[in-house]
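So the structure is just underneath, and the comments pick up after that.
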Amino acid sequence: MSMKFEFTFAKSHKPSGGVAVLLKSAGASVAAGADVADPENVVARAAKIKKFTGKAFSSLDIVAPHGSPADRIVVLGLGDADALTDHDWLKAGGAVAAKLGSVDKVTVFIDAPDANVTGKAAADFALGMEMNAYAFDSYKTKKADDDAKPSGKPTKVTIVTGTVIAAKKAFTAAQAVAEGVFLARDLVNEPANVLGPVEFAAKAKELEKLGVEVEILTEKEMKKLGMGALLGVAQGSSRPPRLVIMQWKGGKSKDRPLAFVGKGVVFDSGGISIKPAAGMEEMKGDMGGAAAVTGLMHVLAAREAKVNAIGIIGLVENMPDGSAQRPGDIVTSMSGQTIEVINTDAEGRLVLCDALWYCNDRFKPQAIIDLATLTGAIMVALATHHAGLFSNDDRLAGQLLAAGIATHEPLWRMPLGREYDKMIDSKFADMKNTGGRHGGAVTAAQFLKRFVKDTPWAHLDIAGTAMGAPTDEVNQSWGSGFGVRLLDELVRASYEA
């Protein structure tokens, strides 16, 4: 991160230098905290000159305001106070963080007139500030002057609110979410020469510090289990594959777990069916699903979620050396079903099918959700604004859609059906790994559906949202961490005791 924050919550606080942040809804005549931070009514005069009305996420910036104990006042508009959502508070925090620059201390007067500012809203505001400030710059040897304070010390932020106790409690959970999102972003942003399957597995192993039980299966162990589909993808790389199993046991011992499975192709060259050179560097992010699952498991453990959860990630590298599998090869999956490899660049589903079968067979979960940067076809359908949702269970699909709306990590349900299933039938094996150009995201999902039996299951194709998605107040990073907040909300709303 280029900027770090240290948050405190207080019922009252008088700024002494630094930045004072005031919030103003469109219908309010004055901003919160104006009596303390702006005794000379400078804000009202500046707002009149600038025609600042409090429109949502617009801002007014006043340097060296006359008579103020602060060195600078930033006023953020909230728009219609009655229409504010949880996500709006997150965005408001992000919008403020984007305005700050390099500062030592900030005082935020969050109790805007006309707005219902709960403890959760205050915590979401702080979370938004943190998420906006994230930057992956560890490989830069020269930093811009305004990237960070020379001291390296965190910016001290005091959030003034009447809901101090509730805000502190909510912020503990919010911090866990921030850590999980940042872990997922870091993993996606890391270059592939640094983060191979072994190194990724080691990162997941670190979750043991939070109480997560972590097992790592090697190539030898996967061979014994019959994971021919996953191993077929890995055989062209000099870097060995890994299957990581993470267990968080926060629920009752008799409760069946909720399972999350992630595609972890640390770099995807396409194999023998090699990709075009242009843009191939972005394939370091083809493990966005595994990154999201790892980040989610961090969140659940860090906030001590009252749920039993399984996280499984299949980690491989898809490379085109002399040992690589060829188009036309037939592999046998752990399920015993055979697969004709039509295109070695349709490799993610080969990794996932063995991971899904292993998960279902061993843990008998109440539901399975997989995440994968699986197809370019989903971006043709949905661009980079929604992730594709495929499911064999209407209830689970509804829960996920609701969680997507709540977190603004939106999903759009896509079809499954017999007609699409027939498209992956093979002349030489039980199925083939691609059904052709048309409906590519759907046939990929149909392929995965053959490996979950009757267990409620959902597949999230996050190819357009996990990396390179449009930036906003909450995310300025190439690797977005998409899915972590979405699935944490799903757990909270629908599965946590």
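Letters for chains follow the order of the structure tokens (A, B, ...), residue numbers begin at 1 for each chain, and ligand numbers begin at 1 in the order shown.
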I want to know what sits within 9 Å of region 475-482 of chain A, based on only C-alpha atoms, with residues of the same chain fewer than 6 positions away left out; could you give that as a short mmCIF file (atom, residue, chain, number, x, y, z; two decimals) with N, CA and C atoms, in the first residue's frame?
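around_32.cif, written as the output of this step:
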data_model
loop_
_atom_site.label_atom_id
_atom_site.label_comp_id
_atom_site.auth_asym_id
_atom_site.auth_seq_id
_atom_site.Cartn_x
_atom_site.Cartn_y
_atom_site.Cartn_z
N GLY A 94 -13.70 5.99 0.20
CA GLY A 94 -12.74 5.91 -0.90
C GLY A 94 -12.54 7.25 -1.57
N GLY A 128 -13.61 1.88 3.17
CA GLY A 128 -13.49 2.50 1.86
C GLY A 128 -12.20 3.28 1.71
N MET A 131 -9.41 0.68 1.24
CA MET A 131 -9.44 -0.01 -0.04
C MET A 131 -9.01 0.89 -1.19
N ASN A 132 -9.34 2.17 -1.11
CA ASN A 132 -8.92 3.10 -2.16
C ASN A 132 -7.41 3.32 -2.12
N ALA A 133 -6.83 3.29 -0.93
CA ALA A 133 -5.41 3.62 -0.78
C ALA A 133 -4.48 2.47 -1.15
N TYR A 134 -5.02 1.28 -1.35
CA TYR A 134 -4.18 0.14 -1.72
C TYR A 134 -3.44 0.41 -3.03
N ALA A 135 -2.17 0.05 -3.04
CA ALA A 135 -1.39 0.10 -4.29
C ALA A 135 -0.33 -0.99 -4.24
N PHE A 136 -0.14 -1.67 -5.34
CA PHE A 136 0.88 -2.73 -5.42
C PHE A 136 2.14 -2.10 -6.04
N GLY A 180 -8.35 -9.50 3.79
CA GLY A 180 -8.64 -10.56 2.82
C GLY A 180 -8.62 -10.05 1.39
N VAL A 181 -9.21 -8.87 1.17
CA VAL A 181 -9.21 -8.28 -0.17
C VAL A 181 -7.78 -7.96 -0.61
N PHE A 182 -6.99 -7.40 0.31
CA PHE A 182 -5.61 -7.04 -0.04
C PHE A 182 -4.76 -8.27 -0.32
N LEU A 183 -5.01 -9.35 0.41
CA LEU A 183 -4.30 -10.60 0.14
C LEU A 183 -4.63 -11.08 -1.27
N ALA A 184 -5.91 -11.06 -1.63
CA ALA A 184 -6.31 -11.48 -2.98
C ALA A 184 -5.70 -10.57 -4.05
N ARG A 185 -5.73 -9.27 -3.81
CA ARG A 185 -5.13 -8.34 -4.77
C ARG A 185 -3.63 -8.58 -4.92
N ASP A 186 -2.95 -8.76 -3.80
CA ASP A 186 -1.50 -9.00 -3.85
C ASP A 186 -1.19 -10.24 -4.68
N LEU A 187 -1.94 -11.31 -4.46
CA LEU A 187 -1.69 -12.56 -5.17
C LEU A 187 -1.89 -12.39 -6.68
N VAL A 188 -2.94 -11.68 -7.08
CA VAL A 188 -3.20 -11.47 -8.50
C VAL A 188 -2.15 -10.55 -9.12
N ASN A 189 -1.71 -9.56 -8.38
CA ASN A 189 -0.75 -8.60 -8.91
C ASN A 189 0.69 -9.13 -8.98
N GLY A 285 -2.58 -13.23 -13.94
CA GLY A 285 -3.77 -13.10 -13.09
C GLY A 285 -4.78 -14.20 -13.26
N GLY A 288 -7.03 -15.69 -10.34
CA GLY A 288 -7.89 -14.80 -9.57
C GLY A 288 -8.93 -15.53 -8.73
N GLY A 289 -9.40 -16.67 -9.19
CA GLY A 289 -10.35 -17.46 -8.40
C GLY A 289 -9.72 -18.02 -7.15
N ALA A 291 -7.09 -16.82 -5.70
CA ALA A 291 -6.76 -15.67 -4.86
C ALA A 291 -7.97 -15.25 -4.03
N ALA A 292 -9.15 -15.23 -4.66
CA ALA A 292 -10.37 -14.84 -3.95
C ALA A 292 -10.72 -15.84 -2.85
N GLY A 295 -8.27 -15.28 -0.03
CA GLY A 295 -8.64 -14.06 0.69
C GLY A 295 -9.87 -14.24 1.54
N GLU A 409 -20.49 -6.10 -6.01
CA GLU A 409 -19.70 -7.03 -6.82
C GLU A 409 -20.74 -7.85 -7.58
N ILE A 462 -15.26 -15.09 -13.36
CA ILE A 462 -14.82 -13.75 -12.97
C ILE A 462 -13.71 -13.23 -13.89
N THR A 465 -13.83 -9.45 -14.15
CA THR A 465 -13.91 -8.63 -12.94
C THR A 465 -12.74 -8.80 -11.99
N ALA A 466 -11.98 -9.88 -12.12
CA ALA A 466 -10.88 -10.14 -11.17
C ALA A 466 -9.65 -9.32 -11.48
N MET A 467 -9.50 -8.91 -12.73
CA MET A 467 -8.31 -8.15 -13.13
C MET A 467 -8.66 -7.23 -14.28
N GLY A 468 -8.06 -6.05 -14.25
CA GLY A 468 -8.27 -5.10 -15.34
C GLY A 468 -9.67 -4.53 -15.42
N ALA A 469 -10.47 -4.69 -14.36
CA ALA A 469 -11.83 -4.14 -14.37
C ALA A 469 -11.76 -2.62 -14.15
#
I'd like the contact shell of region 69-82 of chain A - 6 Å cut-off, only C-alpha atoms, skipping same-chain residues fewer than 5 positions apart - returned as a PDB file with N, CA, C and O atoms, in the first residue's frame.
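Saved file around_30.pdb follows:
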ATOM      1  N   PRO A  15      -9.640  19.287  15.629  1.00  0.00           N
ATOM      2  CA  PRO A  15      -8.441  19.154  14.806  1.00  0.00           C
ATOM      3  C   PRO A  15      -7.346  20.112  15.277  1.00  0.00           C
ATOM      4  O   PRO A  15      -7.625  21.197  15.789  1.00  0.00           O
ATOM      5  N   SER A  16      -6.124  19.680  15.102  1.00  0.00           N
ATOM      6  CA  SER A  16      -4.974  20.537  15.352  1.00  0.00           C
ATOM      7  C   SER A  16      -4.036  20.362  14.173  1.00  0.00           C
ATOM      8  O   SER A  16      -3.190  19.475  14.162  1.00  0.00           O
ATOM      9  N   GLY A  17      -4.251  21.184  13.163  1.00  0.00           N
ATOM     10  CA  GLY A  17      -3.525  20.989  11.917  1.00  0.00           C
ATOM     11  C   GLY A  17      -4.138  19.845  11.131  1.00  0.00           C
ATOM     12  O   GLY A  17      -5.224  19.352  11.441  1.00  0.00           O
ATOM     13  N   GLY A  18      -3.451  19.398  10.101  1.00  0.00           N
ATOM     14  CA  GLY A  18      -3.935  18.291   9.294  1.00  0.00           C
ATOM     15  C   GLY A  18      -5.164  18.653   8.483  1.00  0.00           C
ATOM     16  O   GLY A  18      -5.467  19.825   8.243  1.00  0.00           O
ATOM     17  N   VAL A  19      -5.908  17.613   8.079  1.00  0.00           N
ATOM     18  CA  VAL A  19      -7.080  17.791   7.235  1.00  0.00           C
ATOM     19  C   VAL A  19      -8.346  17.508   8.031  1.00  0.00           C
ATOM     20  O   VAL A  19      -8.431  16.484   8.725  1.00  0.00           O
ATOM     21  N   ALA A  20      -9.308  18.388   7.941  1.00  0.00           N
ATOM     22  CA  ALA A  20     -10.635  18.134   8.509  1.00  0.00           C
ATOM     23  C   ALA A  20     -11.571  17.780   7.359  1.00  0.00           C
ATOM     24  O   ALA A  20     -11.644  18.500   6.361  1.00  0.00           O
ATOM     25  N   VAL A  21     -12.260  16.659   7.496  1.00  0.00           N
ATOM     26  CA  VAL A  21     -13.196  16.210   6.468  1.00  0.00           C
ATOM     27  C   VAL A  21     -14.617  16.399   6.987  1.00  0.00           C
ATOM     28  O   VAL A  21     -14.975  15.882   8.054  1.00  0.00           O
ATOM     29  N   LEU A  22     -15.407  17.152   6.233  1.00  0.00           N
ATOM     30  CA  LEU A  22     -16.807  17.385   6.574  1.00  0.00           C
ATOM     31  C   LEU A  22     -17.678  16.729   5.517  1.00  0.00           C
ATOM     32  O   LEU A  22     -17.332  16.723   4.332  1.00  0.00           O
ATOM     33  N   LEU A  23     -18.812  16.191   5.929  1.00  0.00           N
ATOM     34  CA  LEU A  23     -19.741  15.550   4.995  1.00  0.00           C
ATOM     35  C   LEU A  23     -21.026  16.368   4.927  1.00  0.00           C
ATOM     36  O   LEU A  23     -21.560  16.782   5.953  1.00  0.00           O
ATOM     37  N   LYS A  24     -21.504  16.565   3.725  1.00  0.00           N
ATOM     38  CA  LYS A  24     -22.713  17.363   3.539  1.00  0.00           C
ATOM     39  C   LYS A  24     -23.671  16.657   2.595  1.00  0.00           C
ATOM     40  O   LYS A  24     -23.305  16.313   1.473  1.00  0.00           O
ATOM     41  N   SER A  25     -24.875  16.417   3.057  1.00  0.00           N
ATOM     42  CA  SER A  25     -25.898  15.849   2.178  1.00  0.00           C
ATOM     43  C   SER A  25     -26.517  16.975   1.357  1.00  0.00           C
ATOM     44  O   SER A  25     -26.407  18.156   1.701  1.00  0.00           O
ATOM     45  N   ALA A  26     -27.167  16.610   0.270  1.00  0.00           N
ATOM     46  CA  ALA A  26     -27.682  17.613  -0.655  1.00  0.00           C
ATOM     47  C   ALA A  26     -28.746  18.508  -0.012  1.00  0.00           C
ATOM     48  O   ALA A  26     -28.894  19.673  -0.375  1.00  0.00           O
ATOM     49  N   GLY A  54     -23.492  19.621  -2.585  1.00  0.00           N
ATOM     50  CA  GLY A  54     -23.517  18.358  -1.851  1.00  0.00           C
ATOM     51  C   GLY A  54     -23.891  17.180  -2.718  1.00  0.00           C
ATOM     52  O   GLY A  54     -24.274  16.108  -2.219  1.00  0.00           O
ATOM     53  N   LYS A  55     -23.775  17.336  -4.037  1.00  0.00           N
ATOM     54  CA  LYS A  55     -24.029  16.233  -4.957  1.00  0.00           C
ATOM     55  C   LYS A  55     -23.135  15.043  -4.590  1.00  0.00           C
ATOM     56  O   LYS A  55     -21.999  15.210  -4.168  1.00  0.00           O
ATOM     57  N   ALA A  56     -23.661  13.836  -4.754  1.00  0.00           N
ATOM     58  CA  ALA A  56     -22.962  12.624  -4.303  1.00  0.00           C
ATOM     59  C   ALA A  56     -21.533  12.554  -4.821  1.00  0.00           C
ATOM     60  O   ALA A  56     -21.301  12.620  -6.034  1.00  0.00           O
ATOM     61  N   PHE A  57     -20.586  12.486  -3.870  1.00  0.00           N
ATOM     62  CA  PHE A  57     -19.151  12.282  -4.108  1.00  0.00           C
ATOM     63  C   PHE A  57     -18.474  13.452  -4.831  1.00  0.00           C
ATOM     64  O   PHE A  57     -17.340  13.322  -5.275  1.00  0.00           O
ATOM     65  N   SER A  58     -19.183  14.587  -4.926  1.00  0.00           N
ATOM     66  CA  SER A  58     -18.501  15.809  -5.345  1.00  0.00           C
ATOM     67  C   SER A  58     -17.752  16.347  -4.124  1.00  0.00           C
ATOM     68  O   SER A  58     -18.012  15.934  -2.994  1.00  0.00           O
ATOM     69  N   SER A  59     -16.816  17.266  -4.315  1.00  0.00           N
ATOM     70  CA  SER A  59     -16.028  17.720  -3.171  1.00  0.00           C
ATOM     71  C   SER A  59     -15.656  19.186  -3.290  1.00  0.00           C
ATOM     72  O   SER A  59     -15.655  19.770  -4.379  1.00  0.00           O
ATOM     73  N   LEU A  60     -15.354  19.736  -2.153  1.00  0.00           N
ATOM     74  CA  LEU A  60     -14.910  21.119  -2.035  1.00  0.00           C
ATOM     75  C   LEU A  60     -13.637  21.081  -1.200  1.00  0.00           C
ATOM     76  O   LEU A  60     -13.625  20.529  -0.100  1.00  0.00           O
ATOM     77  N   ASP A  61     -12.554  21.664  -1.702  1.00  0.00           N
ATOM     78  CA  ASP A  61     -11.255  21.586  -1.037  1.00  0.00           C
ATOM     79  C   ASP A  61     -10.782  22.998  -0.708  1.00  0.00           C
ATOM     80  O   ASP A  61     -10.605  23.834  -1.608  1.00  0.00           O
ATOM     81  N   ILE A  62     -10.596  23.271   0.568  1.00  0.00           N
ATOM     82  CA  ILE A  62     -10.197  24.612   1.013  1.00  0.00           C
ATOM     83  C   ILE A  62      -8.876  24.519   1.762  1.00  0.00           C
ATOM     84  O   ILE A  62      -8.779  23.848   2.799  1.00  0.00           O
ATOM     85  N   VAL A  63      -7.853  25.183   1.256  1.00  0.00           N
ATOM     86  CA  VAL A  63      -6.524  25.168   1.875  1.00  0.00           C
ATOM     87  C   VAL A  63      -6.370  26.393   2.771  1.00  0.00           C
ATOM     88  O   VAL A  63      -6.792  27.500   2.410  1.00  0.00           O
ATOM     89  N   ALA A  64      -5.772  26.179   3.941  1.00  0.00           N
ATOM     90  CA  ALA A  64      -5.543  27.256   4.920  1.00  0.00           C
ATOM     91  C   ALA A  64      -6.813  28.062   5.190  1.00  0.00           C
ATOM     92  O   ALA A  64      -6.837  29.295   5.042  1.00  0.00           O
ATOM     93  N   ALA A 115     -28.501  12.481   7.697  1.00  0.00           N
ATOM     94  CA  ALA A 115     -28.074  11.122   7.340  1.00  0.00           C
ATOM     95  C   ALA A 115     -28.108  10.219   8.566  1.00  0.00           C
ATOM     96  O   ALA A 115     -27.739  10.630   9.666  1.00  0.00           O
TER      97      ALA A 115
END
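In this comparison, which uses only C-alpha atoms, the residue of A:Ala259, A:Ala10, A:Ala305, A:Ala441 approaching Arg362 (chain A) most closely is A:Ala259.
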Do you know which residues are at most 12 Å from Thr373 (chain A) counting only C-alpha atoms, after dropping those on the same chain fewer than 3 positions away, and could you put them as JSON, numbers by chain? {"A": [188, 262, 263, 264, 265, 266, 267, 268, 282, 283, 284, 285, 286, 287, 288, 289, 290, 291, 292, 346, 347, 348, 349, 352, 370, 376, 377, 378, 379, 384, 387, 388, 441, 444, 459, 460, 461, 462, 463, 464, 465, 466, 467, 468, 479, 482, 483]}
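Here CA of Ala406 (chain A) and CA of Lys120 (chain A) stand 13.6 Å from one another.
Minimum atom-to-atom distance to Leu243 (chain A), evaluated using only C-alpha atoms, belongs to A:Tyr358 out of A:Phe260, A:Phe125, A:Phe390, A:Tyr358.
By chain and then residue number, the residues within 12 Å of Gly236 (chain A) are Leu230, Leu231, Gly232, Val233, Ala234, Ser238, Arg239, Pro240, Pro241, Phe267, Asp268, Ser269, Gly270, Gly271, Ile272, Val316, Glu317, Asn318, Met319, Pro320, Asp321, Gly322, Ser323, Ala324, Gln325, Arg326, Thr344 and Glu347 of chain A, counting only C-alpha atoms and disregarding those fewer than 2 positions away in sequence.
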Give the helix (DSSP H, G or I) residues of region 16-236 of chain A, as DSSP finds them on the backbone, and put them as a VMD selection string. chain A and resid 34 to 37 42 to 50 81 to 83 86 to 100 119 to 133 164 to 189 197 to 210 219 to 225 228 to 234
With 12 Å as the cut-off and only C-alpha atoms counted, what is the closest atom pair between each nearby residue of region 424-486 of chain A and region 335-341 of chain A? Distances in Å to one decimal, ordered by chain and number, as a Markdown table.
| residue | atom | partner | partner_atom | distance |
| --- | --- | --- | --- | --- |
| A:Ile424 | CA | A:Glu340 | CA | 9.7 |
| A:Asp425 | CA | A:Glu340 | CA | 9.4 |
| A:Ser426 | CA | A:Glu340 | CA | 6.9 |
| A:Lys427 | CA | A:Glu340 | CA | 8.8 |
| A:Phe428 | CA | A:Glu340 | CA | 7.0 |
| A:Ala429 | CA | A:Thr338 | CA | 5.4 |
| A:Asp430 | CA | A:Thr338 | CA | 5.1 |
| A:Met431 | CA | A:Ile339 | CA | 5.1 |
| A:Lys432 | CA | A:Glu340 | CA | 4.5 |
| A:Asn433 | CA | A:Val341 | CA | 5.5 |
| A:Thr434 | CA | A:Val341 | CA | 7.9 |
| A:Gly435 | CA | A:Val341 | CA | 10.9 |
| A:Phe447 | CA | A:Ile339 | CA | 9.9 |
| A:Leu448 | CA | A:Ser335 | CA | 11.8 |
| A:Arg450 | CA | A:Gln337 | CA | 9.1 |
| A:Phe451 | CA | A:Ser335 | CA | 7.2 |
| A:Val452 | CA | A:Ser335 | CA | 9.8 |
| A:Lys453 | CA | A:Ser335 | CA | 10.4 |
Prev. selection, C-alpha atoms, output as an mmCIF file, in the first residue's frame:
data_model
loop_
_atom_site.group_PDB
_atom_site.id
_atom_site.type_symbol
_atom_site.label_atom_id
_atom_site.label_comp_id
_atom_site.auth_asym_id
_atom_site.auth_seq_id
_atom_site.Cartn_x
_atom_site.Cartn_y
_atom_site.Cartn_z
ATOM 1 C CA ILE A 424 -19.389 -30.948 -25.093
ATOM 2 C CA ASP A 425 -20.084 -34.588 -25.935
ATOM 3 C CA SER A 426 -17.041 -36.225 -27.570
ATOM 4 C CA LYS A 427 -16.743 -38.920 -30.242
ATOM 5 C CA PHE A 428 -13.758 -40.468 -28.477
ATOM 6 C CA ALA A 429 -14.267 -39.798 -24.731
ATOM 7 C CA ASP A 430 -17.039 -39.021 -22.258
ATOM 8 C CA MET A 431 -16.708 -35.327 -23.021
ATOM 9 C CA LYS A 432 -14.462 -32.750 -24.637
ATOM 10 C CA ASN A 433 -13.046 -29.693 -22.923
ATOM 11 C CA THR A 434 -14.557 -27.111 -25.248
ATOM 12 C CA GLY A 435 -17.802 -26.873 -27.157
ATOM 13 C CA PHE A 447 -18.502 -29.087 -18.244
ATOM 14 C CA LEU A 448 -18.034 -28.263 -14.552
ATOM 15 C CA ARG A 450 -20.702 -32.876 -14.622
ATOM 16 C CA PHE A 451 -18.399 -33.026 -11.597
ATOM 17 C CA VAL A 452 -20.658 -31.896 -8.731
ATOM 18 C CA LYS A 453 -23.416 -34.556 -8.813
#
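Put simply, CA of Ala383 (chain A) is 24.6 Å away from CA of Ala95 (chain A).
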Give me the residues near Ala497 (chain A) as a ChimeraX atom specification, where near means some atom within 8 Å (using only C-alpha atoms) and where sequence neighbours in that chain fewer than 6 positions away do not count. /A:251,306-307
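Among A:Ala83, A:Ala372, A:Met297, A:Met129, the residue with the shortest atom-to-atom distance to Ala98 (chain A), counting only C-alpha atoms, is A:Met129.
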Mind checking which residues fall within 7 Å of Met227 (chain A), counting only C-alpha atoms, ignoring those fewer than 3 positions away in the same chain, and posting them as a count of residues only? 7
Once DSSP has gone over the backbone, tell me which residues of region 17-258 of chain A are in strand (DSSP E), as a PyMOL selection string. chain A and resi 19-25+59-63+72-79+105-109+155-160+213-217+242-249+258
For the selection you just gave me, I'd like the residues written to a file as a compact mmCIF listing (two decimals), in the first residue's frame, keeping N, CA and C atoms.
# COMPACT_ATOMS: atom_id res chain seq x y z
N VAL A 19 -5.91 17.61 8.08
CA VAL A 19 -7.08 17.79 7.23
C VAL A 19 -8.35 17.51 8.03
N ALA A 20 -9.31 18.39 7.94
CA ALA A 20 -10.63 18.13 8.51
C ALA A 20 -11.57 17.78 7.36
N VAL A 21 -12.26 16.66 7.50
CA VAL A 21 -13.20 16.21 6.47
C VAL A 21 -14.62 16.40 6.99
N LEU A 22 -15.41 17.15 6.23
CA LEU A 22 -16.81 17.38 6.57
C LEU A 22 -17.68 16.73 5.52
N LEU A 23 -18.81 16.19 5.93
CA LEU A 23 -19.74 15.55 5.00
C LEU A 23 -21.03 16.37 4.93
N LYS A 24 -21.50 16.56 3.73
CA LYS A 24 -22.71 17.36 3.54
C LYS A 24 -23.67 16.66 2.59
N SER A 25 -24.87 16.42 3.06
CA SER A 25 -25.90 15.85 2.18
C SER A 25 -26.52 16.98 1.36
N SER A 59 -16.82 17.27 -4.32
CA SER A 59 -16.03 17.72 -3.17
C SER A 59 -15.66 19.19 -3.29
N LEU A 60 -15.35 19.74 -2.15
CA LEU A 60 -14.91 21.12 -2.04
C LEU A 60 -13.64 21.08 -1.20
N ASP A 61 -12.55 21.66 -1.70
CA ASP A 61 -11.26 21.59 -1.04
C ASP A 61 -10.78 23.00 -0.71
N ILE A 62 -10.60 23.27 0.57
CA ILE A 62 -10.20 24.61 1.01
C ILE A 62 -8.88 24.52 1.76
N VAL A 63 -7.85 25.18 1.26
CA VAL A 63 -6.52 25.17 1.88
C VAL A 63 -6.37 26.39 2.77
N ARG A 72 -6.44 22.37 6.42
CA ARG A 72 -7.17 22.19 5.17
C ARG A 72 -8.52 21.56 5.49
N ILE A 73 -9.54 21.97 4.77
CA ILE A 73 -10.87 21.38 4.93
C ILE A 73 -11.29 20.76 3.60
N VAL A 74 -11.72 19.51 3.66
CA VAL A 74 -12.30 18.84 2.50
C VAL A 74 -13.75 18.54 2.82
N VAL A 75 -14.66 19.03 2.00
CA VAL A 75 -16.09 18.75 2.18
C VAL A 75 -16.52 17.77 1.10
N LEU A 76 -17.11 16.66 1.53
CA LEU A 76 -17.57 15.66 0.57
C LEU A 76 -19.08 15.66 0.51
N GLY A 77 -19.62 15.69 -0.69
CA GLY A 77 -21.06 15.60 -0.87
C GLY A 77 -21.56 14.17 -0.77
N LEU A 78 -22.71 13.99 -0.14
CA LEU A 78 -23.31 12.66 0.02
C LEU A 78 -24.54 12.46 -0.85
N GLY A 79 -25.00 13.52 -1.49
CA GLY A 79 -26.23 13.39 -2.27
C GLY A 79 -27.44 13.29 -1.38
N LYS A 105 -2.28 13.62 9.52
CA LYS A 105 -3.47 13.35 10.34
C LYS A 105 -4.72 13.91 9.69
N VAL A 106 -5.82 13.20 9.94
CA VAL A 106 -7.10 13.53 9.35
C VAL A 106 -8.18 13.40 10.42
N THR A 107 -9.09 14.36 10.46
CA THR A 107 -10.25 14.26 11.33
C THR A 107 -11.50 14.24 10.46
N VAL A 108 -12.29 13.18 10.58
CA VAL A 108 -13.50 13.04 9.78
C VAL A 108 -14.72 13.23 10.66
N PHE A 109 -15.51 14.25 10.36
CA PHE A 109 -16.77 14.47 11.07
C PHE A 109 -17.86 13.79 10.24
N THR A 155 -0.97 7.37 8.35
CA THR A 155 -1.76 8.58 8.56
C THR A 155 -2.77 8.30 9.66
N LYS A 156 -2.78 9.16 10.67
CA LYS A 156 -3.71 8.97 11.79
C LYS A 156 -5.06 9.58 11.44
N VAL A 157 -6.09 8.75 11.48
CA VAL A 157 -7.44 9.20 11.12
C VAL A 157 -8.35 9.05 12.33
N THR A 158 -8.94 10.17 12.75
CA THR A 158 -9.93 10.15 13.83
C THR A 158 -11.30 10.34 13.21
N ILE A 159 -12.18 9.38 13.40
CA ILE A 159 -13.55 9.48 12.90
C ILE A 159 -14.46 9.87 14.06
N VAL A 160 -15.04 11.05 13.96
CA VAL A 160 -15.88 11.59 15.02
C VAL A 160 -17.32 11.16 14.76
N GLU A 213 -6.94 -24.69 9.16
CA GLU A 213 -6.18 -25.93 8.94
C GLU A 213 -5.85 -26.03 7.45
N VAL A 214 -4.58 -26.19 7.13
CA VAL A 214 -4.14 -26.17 5.74
C VAL A 214 -3.39 -27.46 5.39
N GLU A 215 -3.85 -28.13 4.34
CA GLU A 215 -3.14 -29.29 3.79
C GLU A 215 -2.69 -28.96 2.37
N ILE A 216 -1.54 -29.48 1.99
CA ILE A 216 -1.04 -29.26 0.64
C ILE A 216 -0.72 -30.61 0.00
N LEU A 217 -1.44 -30.92 -1.09
CA LEU A 217 -1.20 -32.17 -1.81
C LEU A 217 -0.18 -31.92 -2.92
N ARG A 242 0.16 -28.01 -7.19
CA ARG A 242 -0.23 -28.22 -5.80
C ARG A 242 -1.76 -28.12 -5.70
N LEU A 243 -2.33 -28.88 -4.78
CA LEU A 243 -3.74 -28.73 -4.41
C LEU A 243 -3.76 -28.37 -2.94
N VAL A 244 -4.35 -27.21 -2.62
CA VAL A 244 -4.37 -26.74 -1.24
C VAL A 244 -5.78 -26.85 -0.68
N ILE A 245 -5.88 -27.44 0.51
CA ILE A 245 -7.17 -27.59 1.19
C ILE A 245 -7.12 -26.78 2.47
N MET A 246 -8.00 -25.79 2.59
CA MET A 246 -8.07 -24.93 3.78
C MET A 246 -9.39 -25.18 4.49
N GLN A 247 -9.32 -25.39 5.78
CA GLN A 247 -10.54 -25.63 6.56
C GLN A 247 -10.66 -24.63 7.70
N TRP A 248 -11.79 -23.94 7.77
CA TRP A 248 -12.11 -23.08 8.90
C TRP A 248 -13.30 -23.70 9.61
N LYS A 249 -13.11 -24.04 10.88
CA LYS A 249 -14.15 -24.74 11.65
C LYS A 249 -14.71 -23.79 12.71
N LEU A 258 -19.64 -25.25 4.07
CA LEU A 258 -19.84 -24.54 2.82
C LEU A 258 -18.49 -24.54 2.11
Excluding Asp488 (chain A) and residues on its chain fewer than 2 positions from it, collect all residues at most 9 Å away from it, counting only C-alpha atoms, and give them as a list in words. Val177, Leu296, Val299, Leu300, Ala403, Gly483, Val484, Arg485, Leu486, Leu490, Val491, Arg492 and Ala493 of chain A
